[in-house]
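Undergrad: This is the structure, below, for whatever I ask next.
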Amino acid sequence: MASESERPAPLRLGTVAPNFQADTTKGPIDLHEYIGDSWVVFFSHPEDYTPVCTTELGEFARLEPEFTKRGVKLLGLSANTVGSHEGWIQDIKDVTGAQVQFPIVADKERKIAYQYDMIDYQDTTNVDEKGIAFTIRSVFIIDPKKVIRTILSYPASTGRNSAEVLRIVDSLQTGDKNKVTTPVNWVPGDDVIVHPSVKGEEATKLFPNLRAVKPYLRFTPLPNPA
C-alpha cells in the first residue's frame, strides 16, 4: 500500500482516468475496457458492512436502470475483499430491497484508493483498527473518451445524493450534445444557457427561441427528446 508521501498528484477534471486492473464481484476488470464506449460513474466506500454505505449502494442499485438509459455504467469500490463484498450485497438487498448488479472493486490494500486520491488528509480519526486511513466517498464521472468530467468528495460521515449524480450526468450529456451549459438547480426540461462560444447568427440559427437576459447570459429551451 502506498504511504502518504508516495501519493500520486491529485486528479483534475479533463485528465484521462488512470487505468487499473482489479478483482470485482463480477470478476477481473480493466477499467478502460469496462468503460468501452460508455460513461462510467465510479464511486468509493470506506468499508463493507457500514451503515451509510449500505444505504448508498442500495440506492445506486435502485437507480441503475436510469443510469443505463443514459449509457452509463456503475462501478463501486470498497476497501475489502470480493468475498466480503458478496456477503455485504445480500445485506444491502435485505435492508434496501435492491439487488446490486454492478461490479464492486475489491481494494483491501487501498491501492486504487491511493491512485485516485480517495483518502482523507484532514480527518485523522477516519482510520480502521490498524490506523490506516479509510477510503472517503469519492465520485468520478468518466466519459467515453476516458476523461474525468466530474469529481465529488464526501466525508465518510455523509451519504451521497444519488439524484444529484444522475443530474450531473444529464447536464454533461445535454451540454455535449447541444453546445449549452446548465444554470443553478437545472433539471431536464428546464431552460439551458447558450454556451458563450456560440455567437451571433450561429446562436440564433441553433436556438431560434433564444432569450438574452444579458449579453453574456442567454437562455433557451431545448426540444423535448423523442
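By convention in this document, the chains of the C-alpha cells carry letters A, B, ... by their order, each chain's residues are numbered from 1, and ligands are numbered from 1 in the order they are shown.
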Residues near segment 12-28 of chain A, anyone? I mean within 9 Å using only C-alpha atoms, not counting same-chain ones fewer than 3 positions away, as number ranges by chain.

TA: A: 31-32, 77, 81-83, 85-86, 101-107, 112, 115-116, 140, 142, 145-151

Undergrad: Using DSSP secondary structure from the backbone, list all alpha helix (DSSP H) positions within segment 25-219 of chain A, as an mmCIF file with C-alpha atoms, in the first residue's frame.

TA:
data_model
loop_
_atom_site.group_PDB
_atom_site.id
_atom_site.type_symbol
_atom_site.label_atom_id
_atom_site.label_comp_id
_atom_site.auth_asym_id
_atom_site.auth_seq_id
_atom_site.Cartn_x
_atom_site.Cartn_y
_atom_site.Cartn_z
ATOM 1 C CA LEU A 31 -11.148 -0.018 -16.136
ATOM 2 C CA HIS A 32 -10.640 1.285 -19.665
ATOM 3 C CA GLU A 33 -12.051 -1.898 -21.167
ATOM 4 C CA TYR A 34 -15.006 -1.669 -18.796
ATOM 5 C CA ILE A 35 -15.693 1.916 -19.880
ATOM 6 C CA PRO A 51 -24.423 1.828 7.697
ATOM 7 C CA VAL A 52 -24.136 4.825 5.367
ATOM 8 C CA CYS A 53 -22.522 2.789 2.591
ATOM 9 C CA THR A 54 -25.297 0.193 2.770
ATOM 10 C CA THR A 55 -27.948 2.843 2.117
ATOM 11 C CA GLU A 56 -25.898 4.342 -0.733
ATOM 12 C CA LEU A 57 -25.283 1.132 -2.619
ATOM 13 C CA GLY A 58 -28.919 0.184 -2.295
ATOM 14 C CA GLU A 59 -29.989 3.488 -3.820
ATOM 15 C CA PHE A 60 -27.477 3.296 -6.677
ATOM 16 C CA ALA A 61 -28.706 -0.232 -7.369
ATOM 17 C CA ARG A 62 -32.296 1.037 -7.434
ATOM 18 C CA LEU A 63 -31.347 3.845 -9.833
ATOM 19 C CA GLU A 64 -29.151 1.699 -12.084
ATOM 20 C CA PRO A 65 -31.868 1.417 -14.804
ATOM 21 C CA GLU A 66 -31.907 5.230 -15.029
ATOM 22 C CA PHE A 67 -28.142 5.334 -15.481
ATOM 23 C CA THR A 68 -28.353 2.537 -18.059
ATOM 24 C CA LYS A 69 -30.889 4.555 -20.088
ATOM 25 C CA VAL A 82 -14.564 -9.852 -3.032
ATOM 26 C CA GLY A 83 -15.872 -12.403 -0.529
ATOM 27 C CA SER A 84 -16.716 -9.654 1.921
ATOM 28 C CA HIS A 85 -18.430 -7.658 -0.830
ATOM 29 C CA GLU A 86 -20.560 -10.656 -1.795
ATOM 30 C CA GLY A 87 -21.851 -11.105 1.723
ATOM 31 C CA TRP A 88 -22.491 -7.386 2.047
ATOM 32 C CA ILE A 89 -24.524 -7.365 -1.185
ATOM 33 C CA GLN A 90 -27.008 -9.712 0.496
ATOM 34 C CA ASP A 91 -27.261 -7.346 3.456
ATOM 35 C CA ILE A 92 -27.857 -4.448 1.063
ATOM 36 C CA LYS A 93 -30.747 -6.344 -0.503
ATOM 37 C CA ASP A 94 -32.160 -7.225 2.916
ATOM 38 C CA VAL A 95 -32.046 -3.595 4.057
ATOM 39 C CA THR A 96 -32.999 -1.715 0.884
ATOM 40 C CA LYS A 111 -4.009 0.729 -3.905
ATOM 41 C CA ILE A 112 -6.707 2.132 -6.194
ATOM 42 C CA ALA A 113 -7.906 4.433 -3.415
ATOM 43 C CA TYR A 114 -4.445 5.987 -3.300
ATOM 44 C CA GLN A 115 -4.183 6.055 -7.109
ATOM 45 C CA SER A 162 -27.565 9.838 -5.831
ATOM 46 C CA ALA A 163 -30.139 12.002 -7.623
ATOM 47 C CA GLU A 164 -27.515 14.737 -7.905
ATOM 48 C CA VAL A 165 -25.059 12.325 -9.517
ATOM 49 C CA LEU A 166 -27.740 11.455 -12.081
ATOM 50 C CA ARG A 167 -28.498 15.167 -12.607
ATOM 51 C CA ILE A 168 -24.827 15.894 -13.290
ATOM 52 C CA VAL A 169 -24.772 13.128 -15.913
ATOM 53 C CA ASP A 170 -27.839 14.701 -17.545
ATOM 54 C CA SER A 171 -26.167 18.121 -17.529
ATOM 55 C CA LEU A 172 -22.911 16.855 -19.031
ATOM 56 C CA GLN A 173 -24.629 14.859 -21.755
ATOM 57 C CA THR A 174 -27.022 17.721 -22.570
ATOM 58 C CA GLY A 175 -24.134 20.166 -22.787
ATOM 59 C CA ASP A 176 -22.040 17.924 -25.020
ATOM 60 C CA LYS A 177 -24.937 17.343 -27.393
ATOM 61 C CA ASN A 178 -26.328 20.866 -27.655
ATOM 62 C CA GLY A 200 -24.177 35.917 -33.454
ATOM 63 C CA GLU A 201 -26.029 34.233 -36.291
ATOM 64 C CA GLU A 202 -24.898 30.784 -35.229
ATOM 65 C CA ALA A 203 -26.648 31.277 -31.885
ATOM 66 C CA THR A 204 -29.947 32.436 -33.394
ATOM 67 C CA LYS A 205 -29.819 29.701 -36.022
ATOM 68 C CA LEU A 206 -29.193 26.954 -33.486
#

Undergrad: Enumerate the residues of segment 37-204 of chain A with a DSSP assignment of strand (DSSP E), computed from the backbone, and present them as a PDB file with C-alpha atoms, in the first residue's frame.

TA:
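After the write, result_3.pdb holds the following:
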ATOM      1  CA  TRP A  39     -19.930   6.712 -19.477  1.00  0.00           C
ATOM      2  CA  VAL A  40     -18.976   5.400 -16.035  1.00  0.00           C
ATOM      3  CA  VAL A  41     -19.810   6.568 -12.533  1.00  0.00           C
ATOM      4  CA  PHE A  42     -17.023   5.232 -10.298  1.00  0.00           C
ATOM      5  CA  PHE A  43     -17.618   5.674  -6.579  1.00  0.00           C
ATOM      6  CA  SER A  44     -15.857   4.564  -3.417  1.00  0.00           C
ATOM      7  CA  HIS A  45     -16.853   3.472   0.081  1.00  0.00           C
ATOM      8  CA  VAL A  72     -23.828   4.956 -18.021  1.00  0.00           C
ATOM      9  CA  LYS A  73     -22.223   2.009 -16.232  1.00  0.00           C
ATOM     10  CA  LEU A  74     -21.819   1.974 -12.446  1.00  0.00           C
ATOM     11  CA  LEU A  75     -18.668   0.804 -10.676  1.00  0.00           C
ATOM     12  CA  GLY A  76     -18.271   0.706  -6.906  1.00  0.00           C
ATOM     13  CA  LEU A  77     -15.179   0.276  -4.755  1.00  0.00           C
ATOM     14  CA  SER A  78     -14.715  -0.647  -1.119  1.00  0.00           C
ATOM     15  CA  ILE A 104     -17.744  -3.637  -6.734  1.00  0.00           C
ATOM     16  CA  VAL A 105     -13.945  -3.425  -6.852  1.00  0.00           C
ATOM     17  CA  ALA A 106     -12.009  -5.235  -4.113  1.00  0.00           C
ATOM     18  CA  ARG A 137     -16.828   8.794  -0.511  1.00  0.00           C
ATOM     19  CA  SER A 138     -15.460   9.870  -3.887  1.00  0.00           C
ATOM     20  CA  VAL A 139     -17.409  10.013  -7.138  1.00  0.00           C
ATOM     21  CA  PHE A 140     -15.800  10.193 -10.580  1.00  0.00           C
ATOM     22  CA  ILE A 141     -17.941  10.690 -13.672  1.00  0.00           C
ATOM     23  CA  ILE A 142     -15.915   9.485 -16.659  1.00  0.00           C
ATOM     24  CA  ILE A 148     -12.779  12.617 -15.912  1.00  0.00           C
ATOM     25  CA  ARG A 149     -15.634  15.115 -16.182  1.00  0.00           C
ATOM     26  CA  THR A 150     -16.715  15.425 -12.532  1.00  0.00           C
ATOM     27  CA  ILE A 151     -15.095  14.765  -9.151  1.00  0.00           C
ATOM     28  CA  LEU A 152     -17.118  14.788  -5.936  1.00  0.00           C
ATOM     29  CA  SER A 153     -15.687  14.066  -2.492  1.00  0.00           C
ATOM     30  CA  TYR A 154     -17.901  13.493   0.524  1.00  0.00           C
ATOM     31  CA  VAL A 180     -25.123  24.620 -23.888  1.00  0.00           C
ATOM     32  CA  THR A 181     -24.462  24.890 -20.173  1.00  0.00           C
ATOM     33  CA  VAL A 192     -30.498  25.968 -20.561  1.00  0.00           C
ATOM     34  CA  ILE A 193     -27.816  28.599 -21.190  1.00  0.00           C
ATOM     35  CA  VAL A 194     -26.302  29.054 -24.644  1.00  0.00           C
TER      36      VAL A 194
END

Undergrad: Rounded to one decimal, what separation in Å do you get between atom CA of Pro183 of chain A and atom CA of Pro155 of chain A?

TA: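 Atom CA of Pro183 of chain A sits 26.0 Å away from atom CA of Pro155 of chain A.
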
Undergrad: In Å, rounded to a single decimal, give me how far atom CA of Tyr49 of chain A is from atom CA of Ala79 of chain A.

TA: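 Interatomic distance, atom CA of Ala79 of chain A to atom CA of Tyr49 of chain A: 11.1 Å.
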
Undergrad: Pick the closest to Asp191 of chain A from A:Pro10, A:Gly159, A:Gly36, A:Pro221: which is it, counting only C-alpha atoms?

TA: A:Pro221

Undergrad: Measure the distance from atom CA of Ser157 of chain A to atom CA of Val187 of chain A in Å and round it to one decimal.

TA: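 Atom-to-atom, atom CA of Ser157 of chain A and atom CA of Val187 of chain A are spaced 27.1 Å apart.
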